[in-house]
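Novice: Before I ask anything, let me first share the structure, which is written out below as structure tokens.
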Amino acid sequence: MEESVNDKCLVTAAIAREMSGGLTSRCQQDIQKLEYYLPLLENLVHHINLIDNNQQMISWISHLKIRWSSVLTSSSIFNLKGPKFYQFDNIHFELGMTLFVYGALLREQALEVLPSDLVHSTSLFRKAAGVYTYLAEEVLNHIVGTQKKPPEATSHMSSVMSLICLAEAQAVTTRKAEENGNTDGLLAKLHYGVTDLMARALVILQSTTKECNDISPRLMDFVLTCKSLHELRSYKYLAESLRNEGKIGNAIGVLHRALSNSQKNQPREDSWKQVYKHVFDDMTWLLQKYQHENEFVWHDKVPHHSELPSPKAVKIVGHIPYQPQKWERTLVFKL
């Protein structure tokens, strides 16, 4: 598993495919490994919990030297001496970090299948959200100690990841609704549902930076950019819905307000800047079209910004609860 996480696989693609029973996706191969490992680990944790106060058991666990590096810290990107490792003498640390990677791989697979299967992609995002919810509520509270934790070992970060995965699941569902030709009013609500989920993730993430001040700014930028993009799209569909209702003055006001607000949240990544610019330019063109139409045909008054309607959030996805699978075999320790 360490080879997969560090992208240093020592076997060829053909051998890896053969070992996995024919799976060609590296992501699916890694998920399969974790789904073999997690039941064994869950069973071990269960039996250790039964005698966790035993001094011999405490000594054994400390000698395991359970160490993980973090991919969410800025130091993991800029540390020229190699990754920083975090060590906890706690078997729940191993379980928590393994589950975090499992959720990340499910999310990666969801992105992998997105171009070809929107329904399956949505299910994988929801499944990943369920893993992170379980992690935050059932596992991470067992990791205690005075030493500094990696972000992945905090319940706040798991809550953030759960909300991100739910937002992405809703985004895929919204894309499906767009392809099906749903009304502008519904699409505005669905996009704003994504915005609302990302906004909740942003609030938790900002509070988490007080606990873990080394979190990579790229994560914050990603959440903020996704929130802003879906907010823009929500206002675009709201404006089109208002235009279809004959309220072109409201439509112009809504577009103008959205474009003005969007100037405050420009993404840093070049690839995200291109997407953001495309949406911004599309809305600018629509605003100019409506203004021209209103000037020559409708002469409708543009209301004050305080009188303009705002999108309402509708959320239609939820997490798929994670059901831990234990390897049902009794373990006996020689204490």
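How things are named: the first chain in the structure tokens is A, the next is B, and so on; residues count from 1 in each chain; ligands count from 1 in the order shown.
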Just want the 12 Å neighbourhood of Ala258 in chain A, counted on only C-alpha atoms, with same-chain residues fewer than 5 positions away dropped. Output as a list in words.

Specialist: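 What passes the distance filter is Ser228, Leu229, His230, Glu231, Leu232, Arg233, Ser234, Tyr235, Lys236, Tyr237, Leu238, Ala239, Ala251, Ile252, Gly253, Gln263, Lys264, Asn265, Val279, Phe280, Met283, Thr284, Leu287, His305, Leu308, Pro309, Ser310 and Pro311 of chain A.
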
Novice: With N, CA and C atoms retained, write the just-selected residues as an mmCIF file, in the first residue's frame.

Specialist:
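Result file is out_21.cif:
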data_model
loop_
_atom_site.group_PDB
_atom_site.id
_atom_site.type_symbol
_atom_site.label_atom_id
_atom_site.label_comp_id
_atom_site.auth_asym_id
_atom_site.auth_seq_id
_atom_site.Cartn_x
_atom_site.Cartn_y
_atom_site.Cartn_z
ATOM 1 N N SER A 228 -17.312 29.204 -5.740
ATOM 2 C CA SER A 228 -17.554 30.380 -6.573
ATOM 3 C C SER A 228 -18.072 30.002 -7.955
ATOM 4 N N LEU A 229 -17.521 28.943 -8.538
ATOM 5 C CA LEU A 229 -17.952 28.515 -9.871
ATOM 6 C C LEU A 229 -19.421 28.105 -9.883
ATOM 7 N N HIS A 230 -19.807 27.295 -8.901
ATOM 8 C CA HIS A 230 -21.199 26.838 -8.879
ATOM 9 C C HIS A 230 -22.148 27.969 -8.483
ATOM 10 N N GLU A 231 -21.649 28.929 -7.715
ATOM 11 C CA GLU A 231 -22.472 30.097 -7.395
ATOM 12 C C GLU A 231 -22.735 30.913 -8.657
ATOM 13 N N LEU A 232 -21.706 31.094 -9.482
ATOM 14 C CA LEU A 232 -21.876 31.801 -10.749
ATOM 15 C C LEU A 232 -22.880 31.080 -11.643
ATOM 16 N N ARG A 233 -22.733 29.762 -11.756
ATOM 17 C CA ARG A 233 -23.647 29.005 -12.613
ATOM 18 C C ARG A 233 -25.079 29.055 -12.084
ATOM 19 N N SER A 234 -25.203 29.061 -10.766
ATOM 20 C CA SER A 234 -26.531 29.160 -10.169
ATOM 21 C C SER A 234 -27.193 30.483 -10.542
ATOM 22 N N TYR A 235 -26.438 31.571 -10.449
ATOM 23 C CA TYR A 235 -26.985 32.883 -10.795
ATOM 24 C C TYR A 235 -27.286 32.983 -12.291
ATOM 25 N N LYS A 236 -26.491 32.316 -13.101
ATOM 26 C CA LYS A 236 -26.749 32.325 -14.549
ATOM 27 C C LYS A 236 -28.100 31.676 -14.851
ATOM 28 N N TYR A 237 -28.339 30.501 -14.255
ATOM 29 C CA TYR A 237 -29.613 29.822 -14.500
ATOM 30 C C TYR A 237 -30.776 30.596 -13.888
ATOM 31 N N LEU A 238 -30.545 31.230 -12.735
ATOM 32 C CA LEU A 238 -31.595 32.047 -12.128
ATOM 33 C C LEU A 238 -31.955 33.204 -13.051
ATOM 34 N N ALA A 239 -30.938 33.846 -13.641
ATOM 35 C CA ALA A 239 -31.183 34.960 -14.560
ATOM 36 C C ALA A 239 -31.972 34.492 -15.782
ATOM 37 N N ALA A 251 -33.277 39.903 -14.045
ATOM 38 C CA ALA A 251 -32.228 39.057 -14.622
ATOM 39 C C ALA A 251 -30.932 39.839 -14.781
ATOM 40 N N ILE A 252 -31.040 41.081 -15.254
ATOM 41 C CA ILE A 252 -29.851 41.928 -15.419
ATOM 42 C C ILE A 252 -29.205 42.211 -14.062
ATOM 43 N N GLY A 253 -30.022 42.530 -13.081
ATOM 44 C CA GLY A 253 -29.497 42.819 -11.746
ATOM 45 C C GLY A 253 -28.802 41.626 -11.120
ATOM 46 N N GLN A 263 -15.421 38.839 -8.589
ATOM 47 C CA GLN A 263 -14.099 39.459 -8.679
ATOM 48 C C GLN A 263 -13.296 39.267 -7.399
ATOM 49 N N LYS A 264 -13.988 38.985 -6.286
ATOM 50 C CA LYS A 264 -13.310 38.854 -4.995
ATOM 51 C C LYS A 264 -12.642 37.492 -4.824
ATOM 52 N N ASN A 265 -13.034 36.515 -5.617
ATOM 53 C CA ASN A 265 -12.577 35.137 -5.383
ATOM 54 C C ASN A 265 -11.922 34.542 -6.623
ATOM 55 N N VAL A 279 -16.529 30.643 -17.582
ATOM 56 C CA VAL A 279 -17.847 30.887 -16.980
ATOM 57 C C VAL A 279 -18.098 32.390 -16.858
ATOM 58 N N PHE A 280 -17.081 33.132 -16.429
ATOM 59 C CA PHE A 280 -17.209 34.588 -16.275
ATOM 60 C C PHE A 280 -17.531 35.246 -17.619
ATOM 61 N N MET A 283 -21.121 34.561 -18.760
ATOM 62 C CA MET A 283 -22.110 35.372 -18.046
ATOM 63 C C MET A 283 -22.028 36.842 -18.455
ATOM 64 N N THR A 284 -20.825 37.319 -18.754
ATOM 65 C CA THR A 284 -20.663 38.704 -19.216
ATOM 66 C C THR A 284 -21.373 38.905 -20.548
ATOM 67 N N LEU A 287 -25.103 38.984 -19.904
ATOM 68 C CA LEU A 287 -25.497 40.272 -19.329
ATOM 69 C C LEU A 287 -25.600 41.334 -20.420
ATOM 70 N N HIS A 305 -30.030 46.227 -5.563
ATOM 71 C CA HIS A 305 -29.491 44.897 -5.250
ATOM 72 C C HIS A 305 -30.172 44.266 -4.039
ATOM 73 N N LEU A 308 -33.228 42.241 -5.167
ATOM 74 C CA LEU A 308 -33.039 41.165 -6.144
ATOM 75 C C LEU A 308 -33.230 39.792 -5.502
ATOM 76 N N PRO A 309 -33.771 38.841 -6.249
ATOM 77 C CA PRO A 309 -33.905 37.473 -5.719
ATOM 78 C C PRO A 309 -32.554 36.770 -5.669
ATOM 79 N N SER A 310 -32.452 35.800 -4.803
ATOM 80 C CA SER A 310 -31.243 34.971 -4.694
ATOM 81 C C SER A 310 -31.625 33.514 -4.910
ATOM 82 N N PRO A 311 -30.682 32.704 -5.379
ATOM 83 C CA PRO A 311 -30.986 31.278 -5.573
ATOM 84 C C PRO A 311 -31.266 30.602 -4.238
#

Novice: Using only C-alpha atoms, which of A:Asn182, A:Gln147, A:Ser271, A:Gln29 sits nearest Leu106 in chain A?

Specialist: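 Closest candidate: A:Gln29.
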
Novice: Skip Val139 in chain A itself and residues of its chain fewer than 4 positions away, then list as a VMD selection string all residues within 9 Å of it, counting only C-alpha atoms.

Specialist: chain A and resid 92 to 93 95 to 96 134 to 135 143 155

Novice: Take the residues that were just selected and, keeping C-alpha atoms, output them as a short mmCIF file (atom, residue, chain, number, x, y, z; two decimals), in the first residue's frame.

Specialist:
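Now in out-v8.cif:
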data_model
loop_
_atom_site.label_atom_id
_atom_site.label_comp_id
_atom_site.auth_asym_id
_atom_site.auth_seq_id
_atom_site.Cartn_x
_atom_site.Cartn_y
_atom_site.Cartn_z
CA HIS A 92 -6.57 3.56 15.68
CA PHE A 93 -4.08 5.86 13.96
CA LEU A 95 -7.09 2.51 10.94
CA GLY A 96 -7.87 6.22 10.61
CA TYR A 134 -17.67 7.22 9.65
CA LEU A 135 -14.05 8.25 10.15
CA ILE A 143 -6.51 8.91 18.60
CA SER A 155 -12.29 14.83 12.65
#

Novice: Can you list every residue in range 160-271 of chain A that DSSP puts in helix (DSSP H, G or I), as a count of residues only?

Specialist: 93

Novice: Excluding Ser158 in chain A and its own-chain neighbours fewer than 2 positions away, which residues fall within 10 Å of it when counting only C-alpha atoms? Please give them as a PyMOL selection string.

Specialist: chain A and resi 96+100+103+129+131-137+140+151-156+160-164

Novice: Counting only C-alpha atoms, which of A:Val317, A:Val297, A:Ile91, A:Leu259 gets nearest to Ile66 in chain A?

Specialist: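 Using only C-alpha atoms, the shortest distance to Ile66 in chain A belongs to A:Ile91.
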
Novice: Residues near Glu178 in chain A, anyone? I mean within 12 Å using only C-alpha atoms, not counting same-chain ones fewer than 6 positions away, as a PDB file with N, CA and C atoms, in the first residue's frame.

Specialist:
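Saved as around_19.pdb:
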ATOM      1  N   ALA A 171     -22.775  17.888  -7.852  1.00  0.00           N
ATOM      2  CA  ALA A 171     -22.353  18.521  -9.106  1.00  0.00           C
ATOM      3  C   ALA A 171     -22.549  17.573 -10.286  1.00  0.00           C
ATOM      4  N   VAL A 172     -22.220  16.299 -10.083  1.00  0.00           N
ATOM      5  CA  VAL A 172     -22.408  15.311 -11.154  1.00  0.00           C
ATOM      6  C   VAL A 172     -23.898  15.117 -11.430  1.00  0.00           C
ATOM      7  N   ASP A 184     -34.487  25.872 -15.985  1.00  0.00           N
ATOM      8  CA  ASP A 184     -33.447  26.760 -15.456  1.00  0.00           C
ATOM      9  C   ASP A 184     -33.602  26.967 -13.955  1.00  0.00           C
ATOM     10  N   GLY A 185     -34.854  27.053 -13.492  1.00  0.00           N
ATOM     11  CA  GLY A 185     -35.093  27.269 -12.067  1.00  0.00           C
ATOM     12  C   GLY A 185     -34.560  26.140 -11.217  1.00  0.00           C
ATOM     13  N   LEU A 186     -34.787  24.883 -11.661  1.00  0.00           N
ATOM     14  CA  LEU A 186     -34.285  23.729 -10.914  1.00  0.00           C
ATOM     15  C   LEU A 186     -32.766  23.674 -10.954  1.00  0.00           C
ATOM     16  N   LEU A 187     -32.182  23.945 -12.119  1.00  0.00           N
ATOM     17  CA  LEU A 187     -30.724  23.897 -12.249  1.00  0.00           C
ATOM     18  C   LEU A 187     -30.060  24.950 -11.359  1.00  0.00           C
ATOM     19  N   ALA A 188     -30.694  26.117 -11.232  1.00  0.00           N
ATOM     20  CA  ALA A 188     -30.159  27.153 -10.341  1.00  0.00           C
ATOM     21  C   ALA A 188     -30.123  26.649  -8.906  1.00  0.00           C
ATOM     22  N   LEU A 190     -30.035  23.464  -7.891  1.00  0.00           N
ATOM     23  CA  LEU A 190     -29.078  22.360  -7.749  1.00  0.00           C
ATOM     24  C   LEU A 190     -27.644  22.884  -7.664  1.00  0.00           C
ATOM     25  N   HIS A 191     -27.310  23.835  -8.523  1.00  0.00           N
ATOM     26  CA  HIS A 191     -25.964  24.423  -8.462  1.00  0.00           C
ATOM     27  C   HIS A 191     -25.744  25.136  -7.129  1.00  0.00           C
ATOM     28  N   ARG A 233     -22.733  29.762 -11.756  1.00  0.00           N
ATOM     29  CA  ARG A 233     -23.647  29.005 -12.613  1.00  0.00           C
ATOM     30  C   ARG A 233     -25.079  29.055 -12.084  1.00  0.00           C
ATOM     31  N   TYR A 237     -28.339  30.501 -14.255  1.00  0.00           N
ATOM     32  CA  TYR A 237     -29.613  29.822 -14.500  1.00  0.00           C
ATOM     33  C   TYR A 237     -30.776  30.596 -13.888  1.00  0.00           C
TER      34      TYR A 237
END

Novice: Taking into account only C-alpha atoms, which residue in the set A:Ser241, A:His256, A:Thr225, A:Leu286 is nearest to Asp270 in chain A?

Specialist: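 The shortest atom-to-atom distance to Asp270 in chain A comes from A:Thr225.
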
Novice: What's the 10 Å shell around Leu219 in chain A, counting only C-alpha atoms, without same-chain residues fewer than 3 positions away, as a list in words?

Specialist: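 The filter keeps Leu72, Thr73, Ser74, Leu202, Leu205, Ile215, Ser216, Phe222, Val223, Leu224 and Thr225 of chain A.
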
Novice: Write to file, as a JSON list (two decimals), in the first residue's frame, the residues of the selection just made, with C-alpha atoms.

Specialist:
[["chain", "number", "residue", "atom", "x", "y", "z"],
["A", 72, "LEU", "CA", -2.47, 17.80, 2.96],
["A", 73, "THR", "CA", 0.30, 19.84, 4.56],
["A", 74, "SER", "CA", 2.22, 22.52, 2.73],
["A", 202, "LEU", "CA", -15.00, 26.18, 3.83],
["A", 205, "LEU", "CA", -11.66, 24.21, 6.92],
["A", 215, "ILE", "CA", -2.60, 22.79, 5.74],
["A", 216, "SER", "CA", -1.78, 23.30, 2.07],
["A", 222, "PHE", "CA", -9.91, 24.37, -4.46],
["A", 223, "VAL", "CA", -12.92, 24.62, -2.12],
["A", 224, "LEU", "CA", -13.26, 28.38, -2.63],
["A", 225, "THR", "CA", -13.00, 28.05, -6.42]]

Novice: Just give me the gap between CA of Ser159 in chain A and CA of Ala201 in chain A in Å, one decimal is fine.

Specialist: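 Atom-to-atom, CA of Ser159 in chain A to CA of Ala201 in chain A, that is 7.5 Å.
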
Novice: Which of these, A:His47, A:His63, A:Arg126, A:Arg26, has the shortest distance to Trp327 in chain A once you count only C-alpha atoms?

Specialist: A:His47

Novice: Using only C-alpha atoms, can you tell me which of A:Glu42, A:Glu108, A:Asp282, A:Asp214 comes closest to Lys148 in chain A?

Specialist: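 Of the candidates, the smallest distance to Lys148 in chain A is held by A:Asp214.
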
Novice: Counting only C-alpha atoms, what is within 12 Å of Pro115 in chain A, bar same-chain residues fewer than 6 positions away, as a list in words?

Specialist: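 Everything that qualifies: Gln109, Ser121, Thr122, Val172, Arg175 and Lys176 of chain A.
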
Novice: Keeping only N, CA and C atoms, take the residues you just selected and write them out as a CSV table (one decimal), in the first residue's frame.

Specialist:
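Written output follows (out_1.csv):
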chain,number,residue,atom,x,y,z
A,109,GLN,N,-11.5,7.4,-8.0
A,109,GLN,CA,-12.1,6.5,-9.0
A,109,GLN,C,-13.4,7.2,-9.5
A,121,SER,N,-20.3,7.4,-11.0
A,121,SER,CA,-19.4,8.4,-10.4
A,121,SER,C,-20.1,9.0,-9.2
A,122,THR,N,-21.4,9.3,-9.3
A,122,THR,CA,-22.1,9.9,-8.2
A,122,THR,C,-22.1,8.9,-7.0
A,172,VAL,N,-22.2,16.3,-10.1
A,172,VAL,CA,-22.4,15.3,-11.2
A,172,VAL,C,-23.9,15.1,-11.4
A,175,ARG,N,-25.1,18.0,-13.4
A,175,ARG,CA,-24.7,17.8,-14.8
A,175,ARG,C,-25.6,16.9,-15.6
A,176,LYS,N,-26.1,15.8,-14.9
A,176,LYS,CA,-27.0,14.9,-15.5
A,176,LYS,C,-28.4,15.6,-15.8

Novice: Find the residue from A:Leu34, A:Val194, A:Leu99, A:Leu124 that sits nearest to Lys315 in chain A; use only C-alpha atoms when measuring.

Specialist: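 Residue with the minimum atom-to-atom distance to Lys315 in chain A: A:Val194.
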
Novice: Give me, please, the distance in Å between CA of Leu166 in chain A and CA of Asn213 in chain A, quoted to one decimal.

Specialist: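 Interatomic distance here is 25.1 Å.
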